[in-house]
file start.txt (compact mmCIF, N, CA and C atoms)
# COMPACT_ATOMS: atom_id res chain seq x y z
N ALA Z 21 -13.74 132.72 10.04
CA ALA Z 21 -14.97 132.07 9.56
C ALA Z 21 -15.81 131.61 10.75
N ALA Z 22 -17.10 131.52 10.52
CA ALA Z 22 -18.02 131.11 11.58
C ALA Z 22 -17.91 129.61 11.86
N VAL Z 23 -18.33 129.22 13.05
CA VAL Z 23 -18.43 127.80 13.40
C VAL Z 23 -19.48 127.19 12.47
N PRO Z 24 -19.18 126.03 11.85
CA PRO Z 24 -20.19 125.42 10.97
C PRO Z 24 -21.39 124.92 11.78
N VAL Z 25 -22.59 125.29 11.33
CA VAL Z 25 -23.84 124.87 11.96
C VAL Z 25 -24.69 124.20 10.88
N VAL Z 26 -25.11 122.96 11.15
CA VAL Z 26 -25.93 122.21 10.20
C VAL Z 26 -27.16 121.72 10.95
N MET Z 27 -28.34 121.93 10.37
CA MET Z 27 -29.57 121.48 11.01
C MET Z 27 -30.30 120.49 10.10
N TYR Z 28 -30.59 119.31 10.65
CA TYR Z 28 -31.43 118.32 9.98
C TYR Z 28 -32.83 118.55 10.52
N ALA Z 29 -33.78 118.80 9.62
CA ALA Z 29 -35.08 119.29 10.05
C ALA Z 29 -36.20 118.79 9.13
N THR Z 30 -37.43 119.18 9.48
CA THR Z 30 -38.60 118.97 8.62
C THR Z 30 -39.34 120.30 8.54
N ALA Z 31 -40.21 120.41 7.56
CA ALA Z 31 -40.96 121.65 7.36
C ALA Z 31 -41.97 121.88 8.49
N TRP Z 32 -42.51 120.81 9.08
CA TRP Z 32 -43.62 120.92 10.04
C TRP Z 32 -43.18 120.99 11.50
N CYS Z 33 -41.90 120.78 11.78
CA CYS Z 33 -41.42 120.67 13.16
C CYS Z 33 -41.39 122.03 13.86
N PRO Z 34 -42.12 122.19 14.99
CA PRO Z 34 -42.14 123.48 15.68
C PRO Z 34 -40.78 123.87 16.28
N TYR Z 35 -39.98 122.89 16.72
CA TYR Z 35 -38.66 123.21 17.28
C TYR Z 35 -37.70 123.63 16.17
N CYS Z 36 -37.89 123.07 14.98
CA CYS Z 36 -37.09 123.49 13.81
C CYS Z 36 -37.41 124.95 13.50
N ALA Z 37 -38.69 125.30 13.57
CA ALA Z 37 -39.11 126.69 13.31
C ALA Z 37 -38.50 127.63 14.34
N LYS Z 38 -38.45 127.19 15.62
CA LYS Z 38 -37.83 128.02 16.66
C LYS Z 38 -36.35 128.23 16.36
N ALA Z 39 -35.69 127.16 15.94
CA ALA Z 39 -34.26 127.26 15.62
C ALA Z 39 -34.05 128.21 14.44
N ARG Z 40 -34.87 128.07 13.38
CA ARG Z 40 -34.76 128.96 12.22
C ARG Z 40 -34.91 130.42 12.63
N ALA Z 41 -35.92 130.69 13.46
CA ALA Z 41 -36.19 132.07 13.91
C ALA Z 41 -35.00 132.59 14.73
N TYR Z 42 -34.46 131.74 15.58
CA TYR Z 42 -33.29 132.13 16.39
C TYR Z 42 -32.10 132.43 15.49
N PHE Z 43 -31.84 131.54 14.52
CA PHE Z 43 -30.70 131.73 13.62
C PHE Z 43 -30.86 133.03 12.84
N LYS Z 44 -32.08 133.32 12.41
CA LYS Z 44 -32.32 134.56 11.67
C LYS Z 44 -32.10 135.77 12.56
N ARG Z 45 -32.66 135.70 13.77
CA ARG Z 45 -32.56 136.83 14.71
C ARG Z 45 -31.12 137.11 15.10
N THR Z 46 -30.30 136.06 15.21
CA THR Z 46 -28.91 136.22 15.67
C THR Z 46 -27.92 136.23 14.51
N ASN Z 47 -28.44 136.23 13.28
CA ASN Z 47 -27.58 136.22 12.08
C ASN Z 47 -26.59 135.05 12.09
N THR Z 48 -27.07 133.90 12.56
CA THR Z 48 -26.23 132.70 12.58
C THR Z 48 -26.28 132.06 11.19
N ILE Z 49 -25.10 131.83 10.63
CA ILE Z 49 -25.02 131.18 9.32
C ILE Z 49 -25.16 129.68 9.55
N TYR Z 50 -26.08 129.05 8.83
CA TYR Z 50 -26.29 127.61 8.99
C TYR Z 50 -26.74 127.01 7.67
N VAL Z 51 -26.62 125.68 7.60
CA VAL Z 51 -27.10 124.93 6.44
C VAL Z 51 -28.22 124.03 6.95
N GLU Z 52 -29.32 124.02 6.24
CA GLU Z 52 -30.45 123.18 6.64
C GLU Z 52 -30.68 122.07 5.62
N HIS Z 53 -30.91 120.86 6.13
CA HIS Z 53 -31.23 119.71 5.28
C HIS Z 53 -32.60 119.20 5.71
N ASP Z 54 -33.55 119.15 4.79
CA ASP Z 54 -34.89 118.62 5.07
C ASP Z 54 -34.84 117.11 4.89
N ILE Z 55 -35.00 116.38 5.99
CA ILE Z 55 -34.86 114.92 5.93
C ILE Z 55 -36.04 114.23 5.26
N GLU Z 56 -37.11 114.97 5.00
CA GLU Z 56 -38.25 114.37 4.29
C GLU Z 56 -38.16 114.63 2.78
N LYS Z 57 -37.38 115.63 2.38
CA LYS Z 57 -37.29 115.97 0.96
C LYS Z 57 -36.03 115.42 0.31
N SER Z 58 -35.06 115.01 1.11
CA SER Z 58 -33.79 114.55 0.57
C SER Z 58 -33.43 113.19 1.15
N ALA Z 59 -33.30 112.19 0.28
CA ALA Z 59 -32.91 110.85 0.74
C ALA Z 59 -31.50 110.88 1.31
N ASP Z 60 -30.61 111.68 0.71
CA ASP Z 60 -29.24 111.78 1.22
C ASP Z 60 -29.23 112.38 2.62
N ALA Z 61 -30.03 113.44 2.81
CA ALA Z 61 -30.10 114.08 4.13
C ALA Z 61 -30.67 113.12 5.16
N HIS Z 62 -31.68 112.34 4.77
CA HIS Z 62 -32.28 111.37 5.69
C HIS Z 62 -31.27 110.30 6.07
N ALA Z 63 -30.49 109.84 5.09
CA ALA Z 63 -29.48 108.82 5.36
C ALA Z 63 -28.41 109.37 6.31
N GLU Z 64 -27.98 110.59 6.10
CA GLU Z 64 -26.97 111.21 6.96
C GLU Z 64 -27.52 111.42 8.37
N PHE Z 65 -28.78 111.85 8.47
CA PHE Z 65 -29.47 112.03 9.75
C PHE Z 65 -29.46 110.70 10.53
N LYS Z 66 -29.78 109.61 9.84
CA LYS Z 66 -29.79 108.29 10.49
C LYS Z 66 -28.38 107.88 10.89
N ARG Z 67 -27.41 108.15 10.01
CA ARG Z 67 -26.01 107.79 10.30
C ARG Z 67 -25.52 108.51 11.56
N LEU Z 68 -26.01 109.73 11.76
CA LEU Z 68 -25.63 110.53 12.93
C LEU Z 68 -26.39 110.12 14.19
N GLY Z 69 -27.27 109.14 14.07
CA GLY Z 69 -28.03 108.67 15.23
C GLY Z 69 -29.29 109.46 15.45
N GLY Z 70 -29.75 110.17 14.40
CA GLY Z 70 -30.94 110.99 14.52
C GLY Z 70 -32.19 110.18 14.75
N ARG Z 71 -33.01 110.64 15.67
CA ARG Z 71 -34.32 110.03 15.91
C ARG Z 71 -35.39 111.11 15.81
N GLY Z 72 -35.17 112.24 16.46
CA GLY Z 72 -36.13 113.34 16.39
C GLY Z 72 -35.48 114.55 15.74
N VAL Z 73 -36.32 115.47 15.29
CA VAL Z 73 -35.81 116.71 14.70
C VAL Z 73 -36.10 117.88 15.64
N PRO Z 74 -35.33 118.92 15.60
CA PRO Z 74 -34.12 119.02 14.78
C PRO Z 74 -32.94 118.30 15.42
N LEU Z 75 -32.01 117.89 14.55
CA LEU Z 75 -30.70 117.44 14.97
C LEU Z 75 -29.76 118.51 14.45
N ILE Z 76 -29.05 119.16 15.36
CA ILE Z 76 -28.21 120.30 14.99
C ILE Z 76 -26.76 119.97 15.29
N LEU Z 77 -25.91 120.15 14.29
CA LEU Z 77 -24.48 119.97 14.48
C LEU Z 77 -23.86 121.35 14.64
N VAL Z 78 -23.11 121.52 15.72
CA VAL Z 78 -22.40 122.78 15.98
C VAL Z 78 -20.94 122.38 16.04
N GLY Z 79 -20.21 122.64 14.95
CA GLY Z 79 -18.86 122.11 14.87
C GLY Z 79 -18.97 120.59 14.88
N SER Z 80 -18.33 119.95 15.84
CA SER Z 80 -18.39 118.48 15.92
C SER Z 80 -19.39 118.00 16.97
N GLU Z 81 -20.10 118.91 17.62
CA GLU Z 81 -21.05 118.55 18.67
C GLU Z 81 -22.46 118.40 18.11
N LYS Z 82 -23.19 117.39 18.64
CA LYS Z 82 -24.57 117.14 18.21
C LYS Z 82 -25.54 117.63 19.27
N LEU Z 83 -26.55 118.38 18.84
CA LEU Z 83 -27.61 118.81 19.74
C LEU Z 83 -28.92 118.20 19.24
N ARG Z 84 -29.65 117.58 20.16
CA ARG Z 84 -30.96 117.02 19.80
C ARG Z 84 -32.03 117.98 20.29
N GLY Z 85 -32.90 118.41 19.38
CA GLY Z 85 -33.90 119.40 19.74
C GLY Z 85 -33.25 120.78 19.68
N PHE Z 86 -34.01 121.81 20.10
CA PHE Z 86 -33.43 123.15 20.08
C PHE Z 86 -33.71 123.86 21.39
N ASN Z 87 -32.64 124.38 21.97
CA ASN Z 87 -32.70 125.16 23.19
C ASN Z 87 -31.65 126.26 23.03
N GLU Z 88 -32.06 127.51 23.15
CA GLU Z 88 -31.15 128.63 22.91
C GLU Z 88 -29.88 128.55 23.75
N LEU Z 89 -30.04 128.29 25.05
CA LEU Z 89 -28.87 128.26 25.93
C LEU Z 89 -27.94 127.11 25.58
N ALA Z 90 -28.50 125.95 25.28
CA ALA Z 90 -27.67 124.80 24.89
C ALA Z 90 -26.93 125.10 23.59
N PHE Z 91 -27.62 125.74 22.64
CA PHE Z 91 -26.98 126.09 21.37
C PHE Z 91 -25.85 127.09 21.61
N GLU Z 92 -26.12 128.12 22.39
CA GLU Z 92 -25.10 129.16 22.64
C GLU Z 92 -23.88 128.57 23.34
N SER Z 93 -24.11 127.66 24.28
CA SER Z 93 -22.99 127.00 24.98
C SER Z 93 -22.17 126.16 24.00
N ALA Z 94 -22.85 125.38 23.16
CA ALA Z 94 -22.15 124.54 22.19
C ALA Z 94 -21.38 125.40 21.20
N TYR Z 95 -21.97 126.50 20.78
CA TYR Z 95 -21.33 127.39 19.82
C TYR Z 95 -20.07 128.01 20.44
N ALA Z 96 -20.17 128.44 21.69
CA ALA Z 96 -19.01 129.02 22.39
C ALA Z 96 -17.90 127.99 22.55
N ARG Z 97 -18.27 126.75 22.89
CA ARG Z 97 -17.25 125.68 23.02
C ARG Z 97 -16.57 125.44 21.68
N ALA Z 98 -17.36 125.41 20.59
CA ALA Z 98 -16.79 125.18 19.26
C ALA Z 98 -15.86 126.32 18.85
N GLU Z 99 -16.22 127.54 19.22
CA GLU Z 99 -15.35 128.69 18.90
C GLU Z 99 -14.02 128.60 19.65
N ARG Z 100 -14.10 128.21 20.93
CA ARG Z 100 -12.87 128.10 21.73
C ARG Z 100 -11.98 126.98 21.21
N ALA Z 101 -12.58 125.93 20.66
CA ALA Z 101 -11.82 124.75 20.21
C ALA Z 101 -11.11 124.98 18.87
N ARG Z 102 -11.41 126.09 18.22
CA ARG Z 102 -10.83 126.34 16.89
C ARG Z 102 -9.37 126.69 16.97

call {"tool": "encode", "arguments": {"input": "start.txt", "output": "C-alpha cells"}}
result
Amino acid sequence: AAVPVVMYATAWCPYCAKARAYFKRTNTIYVEHDIEKSADAHAEFKRLGGRGVPLILVGSEKLRGFNELAFESAYARAERAR
C-alpha cells in the first residue's frame, strides 16, 4: 500500500493547486480536506498546528506549504520507515 498522504487545503490557495497538480502528474494517492468547507477538517488542521495552507501529512511527517523536493524526501523517508 502507498504511504498515506493527507492535504489540508483551501480552494483558492496557489500552493494547494501546485500540490494537486503534482499529485495528479505523479499518480500520488492522497486525501484532501478543505478547511473552509469542513468544520471537522478545520479543527483537525488547528490541532495539527496548522497556520497556513497547504498542510500536508506524509505518513507521520508534517510539511508546511508545498515543495516537490521536500515532499519527495518526506515520502521516501516514510516508505523506508514502513

call {"tool": "residues_around", "arguments": {"input": "start.txt", "residues": "Gly85 (chain Z)", "least_positions_apart": "2", "cutoff": "9 Å", "atoms": "only C-alpha atoms", "output": "ChimeraX atom specification"}}
result
/Z:35-36,39,72-76,83,87

call {"tool": "atom_distance", "arguments": {"input": "start.txt", "atom1": "CA of Ala29 (chain Z)", "atom2": "CA of Arg100 (chain Z)"}}
result
26.6 Å

call {"tool": "residues_around", "arguments": {"input": "start.txt", "residues": "Phe43 (chain Z)", "least_positions_apart": "2", "cutoff": "12 Å", "atoms": "only C-alpha atoms", "output": "MDAnalysis selection string"}}
result
chainID Z and resid 25:27 36:41 45:52 76 86:88 91:92

call {"tool": "write_last_selection", "arguments": {"input": "start.txt", "atoms": "N, CA and C atoms", "output": "mmCIF file, in the coordinates of the input"}}
result
data_model
loop_
_atom_site.group_PDB
_atom_site.id
_atom_site.type_symbol
_atom_site.label_atom_id
_atom_site.label_comp_id
_atom_site.auth_asym_id
_atom_site.auth_seq_id
_atom_site.Cartn_x
_atom_site.Cartn_y
_atom_site.Cartn_z
ATOM 1 N N VAL Z 25 -22.590 125.290 11.330
ATOM 2 C CA VAL Z 25 -23.840 124.870 11.960
ATOM 3 C C VAL Z 25 -24.690 124.200 10.880
ATOM 4 N N VAL Z 26 -25.110 122.960 11.150
ATOM 5 C CA VAL Z 26 -25.930 122.210 10.200
ATOM 6 C C VAL Z 26 -27.160 121.720 10.950
ATOM 7 N N MET Z 27 -28.340 121.930 10.370
ATOM 8 C CA MET Z 27 -29.570 121.480 11.010
ATOM 9 C C MET Z 27 -30.300 120.490 10.100
ATOM 10 N N CYS Z 36 -37.890 123.070 14.980
ATOM 11 C CA CYS Z 36 -37.090 123.490 13.810
ATOM 12 C C CYS Z 36 -37.410 124.950 13.500
ATOM 13 N N ALA Z 37 -38.690 125.300 13.570
ATOM 14 C CA ALA Z 37 -39.110 126.690 13.310
ATOM 15 C C ALA Z 37 -38.500 127.630 14.340
ATOM 16 N N LYS Z 38 -38.450 127.190 15.620
ATOM 17 C CA LYS Z 38 -37.830 128.020 16.660
ATOM 18 C C LYS Z 38 -36.350 128.230 16.360
ATOM 19 N N ALA Z 39 -35.690 127.160 15.940
ATOM 20 C CA ALA Z 39 -34.260 127.260 15.620
ATOM 21 C C ALA Z 39 -34.050 128.210 14.440
ATOM 22 N N ARG Z 40 -34.870 128.070 13.380
ATOM 23 C CA ARG Z 40 -34.760 128.960 12.220
ATOM 24 C C ARG Z 40 -34.910 130.420 12.630
ATOM 25 N N ALA Z 41 -35.920 130.690 13.460
ATOM 26 C CA ALA Z 41 -36.190 132.070 13.910
ATOM 27 C C ALA Z 41 -35.000 132.590 14.730
ATOM 28 N N ARG Z 45 -32.660 135.700 13.770
ATOM 29 C CA ARG Z 45 -32.560 136.830 14.710
ATOM 30 C C ARG Z 45 -31.120 137.110 15.100
ATOM 31 N N THR Z 46 -30.300 136.060 15.210
ATOM 32 C CA THR Z 46 -28.910 136.220 15.670
ATOM 33 C C THR Z 46 -27.920 136.230 14.510
ATOM 34 N N ASN Z 47 -28.440 136.230 13.280
ATOM 35 C CA ASN Z 47 -27.580 136.220 12.080
ATOM 36 C C ASN Z 47 -26.590 135.050 12.090
ATOM 37 N N THR Z 48 -27.070 133.900 12.560
ATOM 38 C CA THR Z 48 -26.230 132.700 12.580
ATOM 39 C C THR Z 48 -26.280 132.060 11.190
ATOM 40 N N ILE Z 49 -25.100 131.830 10.630
ATOM 41 C CA ILE Z 49 -25.020 131.180 9.320
ATOM 42 C C ILE Z 49 -25.160 129.680 9.550
ATOM 43 N N TYR Z 50 -26.080 129.050 8.830
ATOM 44 C CA TYR Z 50 -26.290 127.610 8.990
ATOM 45 C C TYR Z 50 -26.740 127.010 7.670
ATOM 46 N N VAL Z 51 -26.620 125.680 7.600
ATOM 47 C CA VAL Z 51 -27.100 124.930 6.440
ATOM 48 C C VAL Z 51 -28.220 124.030 6.950
ATOM 49 N N GLU Z 52 -29.320 124.020 6.240
ATOM 50 C CA GLU Z 52 -30.450 123.180 6.640
ATOM 51 C C GLU Z 52 -30.680 122.070 5.620
ATOM 52 N N ILE Z 76 -29.050 119.160 15.360
ATOM 53 C CA ILE Z 76 -28.210 120.300 14.990
ATOM 54 C C ILE Z 76 -26.760 119.970 15.290
ATOM 55 N N PHE Z 86 -34.010 121.810 20.100
ATOM 56 C CA PHE Z 86 -33.430 123.150 20.080
ATOM 57 C C PHE Z 86 -33.710 123.860 21.390
ATOM 58 N N ASN Z 87 -32.640 124.380 21.970
ATOM 59 C CA ASN Z 87 -32.700 125.160 23.190
ATOM 60 C C ASN Z 87 -31.650 126.260 23.030
ATOM 61 N N GLU Z 88 -32.060 127.510 23.150
ATOM 62 C CA GLU Z 88 -31.150 128.630 22.910
ATOM 63 C C GLU Z 88 -29.880 128.550 23.750
ATOM 64 N N PHE Z 91 -27.620 125.740 22.640
ATOM 65 C CA PHE Z 91 -26.980 126.090 21.370
ATOM 66 C C PHE Z 91 -25.850 127.090 21.610
ATOM 67 N N GLU Z 92 -26.120 128.120 22.390
ATOM 68 C CA GLU Z 92 -25.100 129.160 22.640
ATOM 69 C C GLU Z 92 -23.880 128.570 23.340
#

call {"tool": "atom_distance", "arguments": {"input": "start.txt", "atom1": "CA of His53 (chain Z)", "atom2": "CA of Leu77 (chain Z)"}}
result
11.4 Å

call {"tool": "select_by_dssp", "arguments": {"input": "start.txt", "residues": "chain Z", "states": "strand (DSSP E or B)", "output": "MDAnalysis selection string"}}
result
chainID Z and resid 25:29 51:54 75:78 81:84

call {"tool": "write_last_selection", "arguments": {"input": "start.txt", "atoms": "N, CA and C atoms", "output": "PDB file, in the frame of the given file"}}
result
ATOM      1  N   VAL Z  25     -22.590 125.290  11.330  1.00  0.00           N
ATOM      2  CA  VAL Z  25     -23.840 124.870  11.960  1.00  0.00           C
ATOM      3  C   VAL Z  25     -24.690 124.200  10.880  1.00  0.00           C
ATOM      4  N   VAL Z  26     -25.110 122.960  11.150  1.00  0.00           N
ATOM      5  CA  VAL Z  26     -25.930 122.210  10.200  1.00  0.00           C
ATOM      6  C   VAL Z  26     -27.160 121.720  10.950  1.00  0.00           C
ATOM      7  N   MET Z  27     -28.340 121.930  10.370  1.00  0.00           N
ATOM      8  CA  MET Z  27     -29.570 121.480  11.010  1.00  0.00           C
ATOM      9  C   MET Z  27     -30.300 120.490  10.100  1.00  0.00           C
ATOM     10  N   TYR Z  28     -30.590 119.310  10.650  1.00  0.00           N
ATOM     11  CA  TYR Z  28     -31.430 118.320   9.980  1.00  0.00           C
ATOM     12  C   TYR Z  28     -32.830 118.550  10.520  1.00  0.00           C
ATOM     13  N   ALA Z  29     -33.780 118.800   9.620  1.00  0.00           N
ATOM     14  CA  ALA Z  29     -35.080 119.290  10.050  1.00  0.00           C
ATOM     15  C   ALA Z  29     -36.200 118.790   9.130  1.00  0.00           C
ATOM     16  N   VAL Z  51     -26.620 125.680   7.600  1.00  0.00           N
ATOM     17  CA  VAL Z  51     -27.100 124.930   6.440  1.00  0.00           C
ATOM     18  C   VAL Z  51     -28.220 124.030   6.950  1.00  0.00           C
ATOM     19  N   GLU Z  52     -29.320 124.020   6.240  1.00  0.00           N
ATOM     20  CA  GLU Z  52     -30.450 123.180   6.640  1.00  0.00           C
ATOM     21  C   GLU Z  52     -30.680 122.070   5.620  1.00  0.00           C
ATOM     22  N   HIS Z  53     -30.910 120.860   6.130  1.00  0.00           N
ATOM     23  CA  HIS Z  53     -31.230 119.710   5.280  1.00  0.00           C
ATOM     24  C   HIS Z  53     -32.600 119.200   5.710  1.00  0.00           C
ATOM     25  N   ASP Z  54     -33.550 119.150   4.790  1.00  0.00           N
ATOM     26  CA  ASP Z  54     -34.890 118.620   5.070  1.00  0.00           C
ATOM     27  C   ASP Z  54     -34.840 117.110   4.890  1.00  0.00           C
ATOM     28  N   LEU Z  75     -32.010 117.890  14.550  1.00  0.00           N
ATOM     29  CA  LEU Z  75     -30.700 117.440  14.970  1.00  0.00           C
ATOM     30  C   LEU Z  75     -29.760 118.510  14.450  1.00  0.00           C
ATOM     31  N   ILE Z  76     -29.050 119.160  15.360  1.00  0.00           N
ATOM     32  CA  ILE Z  76     -28.210 120.300  14.990  1.00  0.00           C
ATOM     33  C   ILE Z  76     -26.760 119.970  15.290  1.00  0.00           C
ATOM     34  N   LEU Z  77     -25.910 120.150  14.290  1.00  0.00           N
ATOM     35  CA  LEU Z  77     -24.480 119.970  14.480  1.00  0.00           C
ATOM     36  C   LEU Z  77     -23.860 121.350  14.640  1.00  0.00           C
ATOM     37  N   VAL Z  78     -23.110 121.520  15.720  1.00  0.00           N
ATOM     38  CA  VAL Z  78     -22.400 122.780  15.980  1.00  0.00           C
ATOM     39  C   VAL Z  78     -20.940 122.380  16.040  1.00  0.00           C
ATOM     40  N   GLU Z  81     -20.100 118.910  17.620  1.00  0.00           N
ATOM     41  CA  GLU Z  81     -21.050 118.550  18.670  1.00  0.00           C
ATOM     42  C   GLU Z  81     -22.460 118.400  18.110  1.00  0.00           C
ATOM     43  N   LYS Z  82     -23.190 117.390  18.640  1.00  0.00           N
ATOM     44  CA  LYS Z  82     -24.570 117.140  18.210  1.00  0.00           C
ATOM     45  C   LYS Z  82     -25.540 117.630  19.270  1.00  0.00           C
ATOM     46  N   LEU Z  83     -26.550 118.380  18.840  1.00  0.00           N
ATOM     47  CA  LEU Z  83     -27.610 118.810  19.740  1.00  0.00           C
ATOM     48  C   LEU Z  83     -28.920 118.200  19.240  1.00  0.00           C
ATOM     49  N   ARG Z  84     -29.650 117.580  20.160  1.00  0.00           N
ATOM     50  CA  ARG Z  84     -30.960 117.020  19.800  1.00  0.00           C
ATOM     51  C   ARG Z  84     -32.030 117.980  20.290  1.00  0.00           C
TER      52      ARG Z  84
END

call {"tool": "closest_residue", "arguments": {"input": "start.txt", "among": "Z:Ala90, Z:Ala31, Z:Ala21, Z:Ala59", "to": "Arg102 (chain Z)", "atoms": "only C-alpha atoms"}}
result
Z:Ala21

call {"tool": "atom_distance", "arguments": {"input": "start.txt", "atom1": "CA of Arg97 (chain Z)", "atom2": "CA of Lys66 (chain Z)"}}
result
24.8 Å
